[in-house]
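Each remark here refers to the structure printed beneath this line.
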Amino acid sequence: MSNGKRALRLGIAGPVGTGKSSSIANICTALADEFRIGVITNDIYTDEDARFLKAAGVLPEERIRAVETGACPHTAIRDDVSMNLLAVEGLEEDFDPLDIVLVESGGDNLTATFSPALVDAQLFVLDVAGGGDVARKGGPGIGRADLLVINKIDLGEHVDVDVEQMLADAREAREGHPVLGVSRKIPETVEALADWVREVHARFVKGDHTPVDPGPMAPHFHADEDAEGGYMHTHGEGEAAHSH
Amino acid sequence: MRSRSALLVLADGRLPTGGYAHSAGLEQAIRQGWVTEIGGLRDFLRGRLHTTGLMNAAFAVAAWNAVDEFMLAEAAPARSSNAESTSESTSGTASTTSTAEALLTLNAELIARTPSPALRRIGAWLGTLMLRSMRSIHPHPLLETLPKDLQQPLVYGAVGRVLGLSDADTAATILHEAVTGPATAAVKLMHIDPFQAHGAIIDLAADLDEAAERATDFGRGDPAEIPALSAPLSDFAAELHEGDNVRLFAS
Ligand SMILES: Nc1nc2c(ncn2[C@@H]2O[C@H](COP(=O)(O)OP(=O)(O)OP(=O)(O)O)[C@@H](O)[C@H]2O)c(=O)[nH]1
Ligand SMILES: [Mg+2]
Ligand SMILES: [Zn+2]
Ligand SMILES: [Zn+2]
């Protein structure tokens, strides 16, 4: 776009209701004065997400656009990114120059991740209400998204989840890739999320950022049928195929 | 030049051009109670192929032929002399301009046959998507010179030409899409056996082939003479669908 550079494209994926829209609202609230931001939402039945964000008043309404994904949110971020790509490019063109475009995937399962053809970096959102062991279940999003957000940490005590343990499990599953516990009610966690976005944007602008595709199956955990505790593994050479 | 393989690629519903988010009016037809079971789906598909499908295919053929001049100028062997290079680039520009004008005329003709503003918007969006995708999938100078917001059938015509399809095969692709799109959407929208939905497509094979030939004849003639075959209920369905804010498919 301006100076031949386009905006940083940041994808937000994760299961239904974990807080993808809220993460976008958090990011926009923290960074709206620093960056020119646009948002694309992918809705399943309605334009609920776009309306939620418009109502939140975190951005001028016209910078939030909804894309309909024909009941197939994972296709729209992976197999056929054309609709989202065109929507992102349209936003960049209409509000040139933008610094960051956030793309919210329609809530899907643990295997849905963004294609690098659509976004430069992606964050995957889980929440403590989904249960403390979700982070250990692995999958490409949990294992290899650029950032894993464990959201709603304020709810830990209400849903019997040990937040510190969940964060530790997530860090272990990700082999050192970043994990952030976030609650919109705890300002310093929102600030840490904003810092991560600042950092990725700075790398992107310098040309130091390489998009990573989390797509290939990440190391993950299988409960062991013989009750010996299960095992972590990757799928690859020499391993018998199995389905999940 | 004809390419059977390219034809199969263009007709494949998995080609990433955004079509999977649309049901060609079927979702709304089901909501209105116009289609309730497999017999209704068969009628819906047959109706679609003989109306919008046939008309769109004819316009794709017309577009395929309208880009002739540009494609011939492209194919002409590059002349080496400097003196001539200026006049060549001028003639290149001329063929670009006249091709764009011809396509815009076709676009106006197709829009004139599409009463529903919603369908016009969807046609332009799907055309833009197809063009955006094909520019990445198979870059070609013609795709860089198409006017903005062309209706999808016209983009199909240009793409078919660029991929080395005949105009008749391009028409067949559009007709195939006209029935497979809603038939695959049907499986998500109604209680229906997916095998039956595909059986309904196979049952229409002879109709589809025949419609492709008729579309080719229409499209090769004067575009002003292409019949206005839009289906009134489809136009209503598209308008109603836009007003529904809980929906699976965008159209
Ligand atoms: N307690 C608490 N609730 C939160 C927090 N963040 C989000 N929520 C609530 O969680 C619910 C879901 O949040 P959304 O942001 O809509 O989740 P989403 O992932 O975008 O949901 P879908 O788009 O429907 O998949 C809403 O009711 C939010 O108010 C948080 O930090 N703490
Ligand atoms: Mg949401
Ligand atoms: Zn799907
Ligand atoms: Zn496995």
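Each chain in the structure tokens gets a letter, A, B and so on, in the order shown; residues start at 1 in every chain, and ligands are counted from 1 in the order they appear.
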Neighbours of ligand 3 within 9 Å, counting only C-alpha atoms and all ligand atoms, as an NGL selection string? :A and (70-76)
At most 8 Å to chain B: residues in chain A, only C-alpha atoms, as a ChimeraX atom specification: /A:44-47,68-72,79-83,86
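Neighbouring residues of segment 223-229 of chain B at 6 Å or closer, counting only C-alpha atoms and skipping chain neighbours under 6 positions away, are Thr51, Thr52, Met55 and Arg113 of chain B.
Rounded to one decimal, atom CA of Ile150 of chain A and atom CA of Ala32 of chain A lie 22.7 Å from each other.
Taking only C-alpha atoms and all ligand atoms into account, ligand 2 has within 10 Å the residues Ile12, Ala13, Gly14, Pro15, Val16, Gly17, Thr18, Gly19, Lys20, Ser21, Ser22, Ser23, Ile24, Thr41, Asn42, Asp43, Ile44, Asp47, Glu48, Asp49, Ala50, Arg51, Phe52, Leu53, Glu104, Ser105, Gly106 and Gly107 of chain A.
Closest approach to Arg36 of chain A among A:Ile100, A:Ala66, A:Arg9, A:His177 is made by A:Ile100 (distances from only C-alpha atoms).
When only C-alpha atoms and all ligand atoms are used to compute distances to ligand 4, the closest of the residues A:Gly139, A:Leu193, A:Pro187, A:Glu61 turns out to be A:Gly139.
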Contacts of Ala58 of chain B within 6 Å, only C-alpha atoms, excl. fewer than 4 positions in-chain, as a list of chain:residue names: B:Ala215, B:Thr216, B:Phe218, B:Gly219
Output file for the selection above: N, CA, C and O atoms, as a PDB file, in the first residue's frame:
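As a result, out_10.pdb now contains:
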```pdb
ATOM      1  N   ALA B 215     -26.443 -22.236 -25.366  1.00  0.00           N
ATOM      2  CA  ALA B 215     -25.747 -21.058 -24.841  1.00  0.00           C
ATOM      3  C   ALA B 215     -24.643 -20.624 -25.804  1.00  0.00           C
ATOM      4  O   ALA B 215     -24.426 -19.425 -26.021  1.00  0.00           O
ATOM      5  N   THR B 216     -23.972 -21.602 -26.400  1.00  0.00           N
ATOM      6  CA  THR B 216     -22.889 -21.272 -27.324  1.00  0.00           C
ATOM      7  C   THR B 216     -23.449 -20.548 -28.551  1.00  0.00           C
ATOM      8  O   THR B 216     -22.886 -19.555 -29.014  1.00  0.00           O
ATOM      9  N   PHE B 218     -26.269 -18.766 -28.704  1.00  0.00           N
ATOM     10  CA  PHE B 218     -26.680 -17.414 -28.282  1.00  0.00           C
ATOM     11  C   PHE B 218     -25.459 -16.510 -28.117  1.00  0.00           C
ATOM     12  O   PHE B 218     -25.438 -15.367 -28.559  1.00  0.00           O
ATOM     13  N   GLY B 219     -24.442 -17.031 -27.455  1.00  0.00           N
ATOM     14  CA  GLY B 219     -23.287 -16.208 -27.094  1.00  0.00           C
ATOM     15  C   GLY B 219     -22.451 -15.789 -28.281  1.00  0.00           C
ATOM     16  O   GLY B 219     -21.775 -14.762 -28.250  1.00  0.00           O
TER      17      GLY B 219
END
```
Looking only at strand (DSSP E or B) from DSSP on the backbone, list the matching residues of segment 38-126 of chain A as a PDB file with N, CA, C and O atoms, in the first residue's frame.
```pdb
ATOM      1  N   GLY A  38      -7.785  -2.174  11.048  1.00  0.00           N
ATOM      2  CA  GLY A  38      -9.031  -2.606  10.417  1.00  0.00           C
ATOM      3  C   GLY A  38      -9.335  -4.027  10.859  1.00  0.00           C
ATOM      4  O   GLY A  38      -8.435  -4.752  11.283  1.00  0.00           O
ATOM      5  N   VAL A  39     -10.607  -4.432  10.787  1.00  0.00           N
ATOM      6  CA  VAL A  39     -10.998  -5.763  11.250  1.00  0.00           C
ATOM      7  C   VAL A  39     -11.901  -6.445  10.228  1.00  0.00           C
ATOM      8  O   VAL A  39     -12.823  -5.838   9.682  1.00  0.00           O
ATOM      9  N   ILE A  40     -11.625  -7.724   9.963  1.00  0.00           N
ATOM     10  CA  ILE A  40     -12.520  -8.570   9.165  1.00  0.00           C
ATOM     11  C   ILE A  40     -13.030  -9.677  10.088  1.00  0.00           C
ATOM     12  O   ILE A  40     -12.244 -10.344  10.751  1.00  0.00           O
ATOM     13  N   THR A  41     -14.349  -9.865  10.135  1.00  0.00           N
ATOM     14  CA  THR A  41     -14.886 -10.979  10.914  1.00  0.00           C
ATOM     15  C   THR A  41     -15.438 -12.031   9.955  1.00  0.00           C
ATOM     16  O   THR A  41     -15.877 -11.710   8.855  1.00  0.00           O
ATOM     17  N   ASN A  42     -15.386 -13.272  10.376  1.00  0.00           N
ATOM     18  CA  ASN A  42     -15.949 -14.381   9.588  1.00  0.00           C
ATOM     19  C   ASN A  42     -17.082 -14.971  10.387  1.00  0.00           C
ATOM     20  O   ASN A  42     -16.863 -15.588  11.430  1.00  0.00           O
ATOM     21  N   ASP A  43     -18.287 -14.780   9.905  1.00  0.00           N
ATOM     22  CA  ASP A  43     -19.411 -15.235  10.697  1.00  0.00           C
ATOM     23  C   ASP A  43     -19.990 -16.512  10.159  1.00  0.00           C
ATOM     24  O   ASP A  43     -19.862 -16.825   8.993  1.00  0.00           O
ATOM     25  N   ILE A  64     -14.783  -2.135  10.185  1.00  0.00           N
ATOM     26  CA  ILE A  64     -15.076  -3.508  10.603  1.00  0.00           C
ATOM     27  C   ILE A  64     -15.984  -4.123   9.545  1.00  0.00           C
ATOM     28  O   ILE A  64     -17.086  -3.633   9.311  1.00  0.00           O
ATOM     29  N   ARG A  65     -15.509  -5.144   8.867  1.00  0.00           N
ATOM     30  CA  ARG A  65     -16.313  -5.739   7.801  1.00  0.00           C
ATOM     31  C   ARG A  65     -16.506  -7.226   8.037  1.00  0.00           C
ATOM     32  O   ARG A  65     -15.602  -7.912   8.487  1.00  0.00           O
ATOM     33  N   ALA A  66     -17.701  -7.705   7.678  1.00  0.00           N
ATOM     34  CA  ALA A  66     -18.024  -9.122   7.874  1.00  0.00           C
ATOM     35  C   ALA A  66     -17.933  -9.870   6.550  1.00  0.00           C
ATOM     36  O   ALA A  66     -18.342  -9.363   5.510  1.00  0.00           O
ATOM     37  N   VAL A  67     -17.395 -11.074   6.608  1.00  0.00           N
ATOM     38  CA  VAL A  67     -17.361 -11.962   5.454  1.00  0.00           C
ATOM     39  C   VAL A  67     -18.192 -13.191   5.805  1.00  0.00           C
ATOM     40  O   VAL A  67     -18.049 -13.744   6.893  1.00  0.00           O
ATOM     41  N   GLU A  68     -19.064 -13.594   4.904  1.00  0.00           N
ATOM     42  CA  GLU A  68     -19.876 -14.789   5.149  1.00  0.00           C
ATOM     43  C   GLU A  68     -19.174 -16.008   4.572  1.00  0.00           C
ATOM     44  O   GLU A  68     -18.745 -15.999   3.431  1.00  0.00           O
ATOM     45  N   ILE A 100      -2.438  -2.375  10.699  1.00  0.00           N
ATOM     46  CA  ILE A 100      -2.750  -3.747  11.098  1.00  0.00           C
ATOM     47  C   ILE A 100      -4.169  -4.101  10.660  1.00  0.00           C
ATOM     48  O   ILE A 100      -5.092  -3.305  10.846  1.00  0.00           O
ATOM     49  N   VAL A 101      -4.341  -5.260  10.035  1.00  0.00           N
ATOM     50  CA  VAL A 101      -5.680  -5.793   9.794  1.00  0.00           C
ATOM     51  C   VAL A 101      -5.813  -7.083  10.599  1.00  0.00           C
ATOM     52  O   VAL A 101      -5.000  -7.997  10.478  1.00  0.00           O
ATOM     53  N   LEU A 102      -6.841  -7.120  11.453  1.00  0.00           N
ATOM     54  CA  LEU A 102      -7.111  -8.303  12.267  1.00  0.00           C
ATOM     55  C   LEU A 102      -8.207  -9.118  11.584  1.00  0.00           C
ATOM     56  O   LEU A 102      -9.228  -8.559  11.176  1.00  0.00           O
ATOM     57  N   VAL A 103      -8.000 -10.416  11.428  1.00  0.00           N
ATOM     58  CA  VAL A 103      -9.007 -11.281  10.814  1.00  0.00           C
ATOM     59  C   VAL A 103      -9.488 -12.288  11.856  1.00  0.00           C
ATOM     60  O   VAL A 103      -8.699 -13.097  12.353  1.00  0.00           O
ATOM     61  N   GLU A 104     -10.775 -12.205  12.207  1.00  0.00           N
ATOM     62  CA  GLU A 104     -11.328 -13.172  13.169  1.00  0.00           C
ATOM     63  C   GLU A 104     -11.941 -14.352  12.435  1.00  0.00           C
ATOM     64  O   GLU A 104     -12.863 -14.198  11.650  1.00  0.00           O
ATOM     65  N   ALA A 121       0.731 -13.518  10.716  1.00  0.00           N
ATOM     66  CA  ALA A 121       0.917 -14.149  12.026  1.00  0.00           C
ATOM     67  C   ALA A 121      -0.469 -14.438  12.586  1.00  0.00           C
ATOM     68  O   ALA A 121      -1.461 -13.835  12.158  1.00  0.00           O
ATOM     69  N   GLN A 122      -0.543 -15.385  13.520  1.00  0.00           N
ATOM     70  CA  GLN A 122      -1.859 -15.715  14.062  1.00  0.00           C
ATOM     71  C   GLN A 122      -1.782 -16.026  15.535  1.00  0.00           C
ATOM     72  O   GLN A 122      -0.769 -16.521  16.034  1.00  0.00           O
ATOM     73  N   LEU A 123      -2.882 -15.672  16.216  1.00  0.00           N
ATOM     74  CA  LEU A 123      -2.970 -16.090  17.598  1.00  0.00           C
ATOM     75  C   LEU A 123      -4.160 -17.028  17.754  1.00  0.00           C
ATOM     76  O   LEU A 123      -5.151 -16.941  17.042  1.00  0.00           O
ATOM     77  N   PHE A 124      -3.994 -17.973  18.643  1.00  0.00           N
ATOM     78  CA  PHE A 124      -5.007 -18.989  18.883  1.00  0.00           C
ATOM     79  C   PHE A 124      -5.538 -18.760  20.282  1.00  0.00           C
ATOM     80  O   PHE A 124      -4.761 -18.591  21.222  1.00  0.00           O
ATOM     81  N   VAL A 125      -6.867 -18.717  20.422  1.00  0.00           N
ATOM     82  CA  VAL A 125      -7.468 -18.374  21.707  1.00  0.00           C
ATOM     83  C   VAL A 125      -8.185 -19.572  22.327  1.00  0.00           C
ATOM     84  O   VAL A 125      -9.079 -20.161  21.717  1.00  0.00           O
ATOM     85  N   LEU A 126      -7.760 -19.943  23.524  1.00  0.00           N
ATOM     86  CA  LEU A 126      -8.493 -20.918  24.350  1.00  0.00           C
ATOM     87  C   LEU A 126      -8.996 -20.160  25.561  1.00  0.00           C
ATOM     88  O   LEU A 126      -8.566 -19.036  25.819  1.00  0.00           O
TER      89      LEU A 126
END
```
Using only C-alpha atoms, determine which residues lie at most 8 Å from Ala145 of chain A, disregarding the query and same-chain residues fewer than 2 positions distant; provide the list as a PyMOL selection string. chain A and resi 113+121-124+140-143+147-148+212-214
What does the distance between atom CA of Val205 of chain A and atom CA of Leu85 of chain A come to in Å, to one decimal place? 19.9 Å
List every residue of segment 139-244 of chain B that DSSP, applied to the backbone, labels as alpha helix (DSSP H), and write the result as a PyMOL selection string. chain B and resi 141-145+152-162+167-189+194-203+205-220+232-243
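The gap separating atom CA of Leu180 of chain A from atom CA of Leu59 of chain A is 23.9 Å, in Å to one decimal.
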Excluding Ala62 of chain B and any residue of its chain fewer than 4 positions from it, enumerate the residues within 10 Å of it, using only C-alpha atoms, and give them as number ranges by chain. B: 56-58, 66-67, 102-103, 106, 153-154, 157-158, 167, 171, 215-223, 226
Would you output that residue set with C-alpha atoms, as a PDB file, in the first residue's frame?
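out13.pdb, freshly written:
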```pdb
ATOM      1  CA  ASN B  56     -25.115 -16.849 -17.744  1.00  0.00           C
ATOM      2  CA  ALA B  57     -23.481 -19.462 -19.951  1.00  0.00           C
ATOM      3  CA  ALA B  58     -24.476 -17.476 -23.047  1.00  0.00           C
ATOM      4  CA  ALA B  66     -15.247 -10.486 -26.993  1.00  0.00           C
ATOM      5  CA  VAL B  67     -11.640 -10.901 -25.868  1.00  0.00           C
ATOM      6  CA  ALA B 102     -16.878  -4.757 -25.286  1.00  0.00           C
ATOM      7  CA  LEU B 103     -16.891  -6.404 -21.850  1.00  0.00           C
ATOM      8  CA  LEU B 106     -21.824  -7.185 -22.141  1.00  0.00           C
ATOM      9  CA  PRO B 153     -20.125 -15.125 -16.076  1.00  0.00           C
ATOM     10  CA  LEU B 154     -18.051 -12.585 -18.001  1.00  0.00           C
ATOM     11  CA  GLY B 157     -15.550 -16.278 -20.250  1.00  0.00           C
ATOM     12  CA  ALA B 158     -12.206 -14.498 -20.020  1.00  0.00           C
ATOM     13  CA  ASP B 167     -16.312 -21.272 -25.694  1.00  0.00           C
ATOM     14  CA  ALA B 171     -20.493 -22.567 -21.205  1.00  0.00           C
ATOM     15  CA  ALA B 215     -25.747 -21.058 -24.841  1.00  0.00           C
ATOM     16  CA  THR B 216     -22.889 -21.272 -27.324  1.00  0.00           C
ATOM     17  CA  ASP B 217     -25.197 -20.343 -30.204  1.00  0.00           C
ATOM     18  CA  PHE B 218     -26.680 -17.414 -28.282  1.00  0.00           C
ATOM     19  CA  GLY B 219     -23.287 -16.208 -27.094  1.00  0.00           C
ATOM     20  CA  ARG B 220     -21.714 -16.229 -30.529  1.00  0.00           C
ATOM     21  CA  GLY B 221     -24.478 -14.023 -31.924  1.00  0.00           C
ATOM     22  CA  ASP B 222     -25.451 -10.441 -31.178  1.00  0.00           C
ATOM     23  CA  PRO B 223     -25.371 -10.052 -27.372  1.00  0.00           C
ATOM     24  CA  ILE B 226     -29.428 -13.080 -25.810  1.00  0.00           C
TER      25      ILE B 226
END
```
